[in-house]
Amino acid sequence: MNIDKINLSIIKHLRNGRKPYKKIADELSLSENTVRSRVKKLIDDGVLEITGLVDAEAVSEHRVVIVGVKLATMELVKKGEEFSLLKGVINVNVVTGRFDLILVVLLKPGFGLLEFYTKEVSKLSEVQSVETFVVYKSYNLKVPYILE
């Protein structure tokens, strides 16, 4: 899909996911139908997702950790996809440097680091090592609430 200037402008206006299409259309000098159809296409093509995000620090007893993963395989993309399906995983990045993957993980009471490693990561093969970075304070980090 082509992300042109109009699509980028619409996306910027949707930072507030509750902003009416009519207001976006007026501000961009477009018709409401144009905005609506472009947003639908962006969503259908997997470019845009409109979702509620939370500040993990504001959710009582929840914690975000960052996990560096060193793999025993070079199938980085495949392993990244596998990690992305684990409970608590918000985001997976294939990276350069001493780790192959960097994960952002949301934890809560009853699903802490021990449960994440013993019940989730242990399901995957070819994990050589992990290193956990506990986030004490974050800025501008909003995450989807994925734990039930």
# chains A, B, ... in the order shown; residues from 1 in each chain; ligands from 1

$ select_by_dssp --residues "region 33-144 of chain A" --states "strand (DSSP E)" --output "ChimeraX atom specification"
/A:63-71,89-94,101-107,127-134

$ closest_atom_pairs --of "region 33-121 of chain A" --to "region 7-13 of chain A" --cutoff "8 Å" --atoms "only C-alpha atoms" --output "tab-separated table"
residue	atom	partner	partner_atom	distance
A:Val35	CA	A:Ile10	CA	7.2
A:Arg38	CA	A:Asn7	CA	7.0
A:Val39	CA	A:Ile10	CA	7.7
A:Leu48	CA	A:Ile11	CA	7.8

$ atom_distance --atom1 "CA of Ser37 (chain A)" --atom2 "CA of Lys5 (chain A)"
15.4 Å

$ atom_distance --atom1 "CA of Lys137 (chain A)" --atom2 "CA of Thr118 (chain A)"
25.7 Å

$ residues_around --residues "Leu113 (chain A)" --least-positions-apart "5" --cutoff "12 Å" --atoms "only C-alpha atoms" --output "list in words"
His62, Arg63, Val64, Val65, Ile66, Val67, Lys87, Gly88, Val89, Val105, Leu106, Leu107, Lys108, Thr118, Lys119, Glu120, Val121, Val130, Glu131, Thr132, Phe133 and Val134 of chain A

$ select_by_dssp --residues "region 46-129 of chain A" --states "alpha helix (DSSP H)" --output "PyMOL selection string"
chain A and resi 76-84+113-115

$ write_last_selection --atoms "C-alpha atoms" --output "PDB file, in the first residue's frame"
ATOM      1  CA  LEU A  76      15.490 -14.858  13.413  1.00  0.00           C
ATOM      2  CA  VAL A  77      12.216 -13.903  11.732  1.00  0.00           C
ATOM      3  CA  LYS A  78      10.650 -17.313  12.385  1.00  0.00           C
ATOM      4  CA  LYS A  79      11.714 -17.197  16.034  1.00  0.00           C
ATOM      5  CA  GLY A  80      10.493 -13.607  16.327  1.00  0.00           C
ATOM      6  CA  GLU A  81       7.059 -14.724  15.136  1.00  0.00           C
ATOM      7  CA  GLU A  82       7.069 -17.567  17.673  1.00  0.00           C
ATOM      8  CA  PHE A  83       7.961 -15.200  20.521  1.00  0.00           C
ATOM      9  CA  SER A  84       5.252 -12.764  19.433  1.00  0.00           C
ATOM     10  CA  LEU A 113       9.026 -13.322  35.255  1.00  0.00           C
ATOM     11  CA  LEU A 114       9.109 -16.851  36.633  1.00  0.00           C
ATOM     12  CA  GLU A 115       5.850 -17.773  34.886  1.00  0.00           C
TER      13      GLU A 115
END
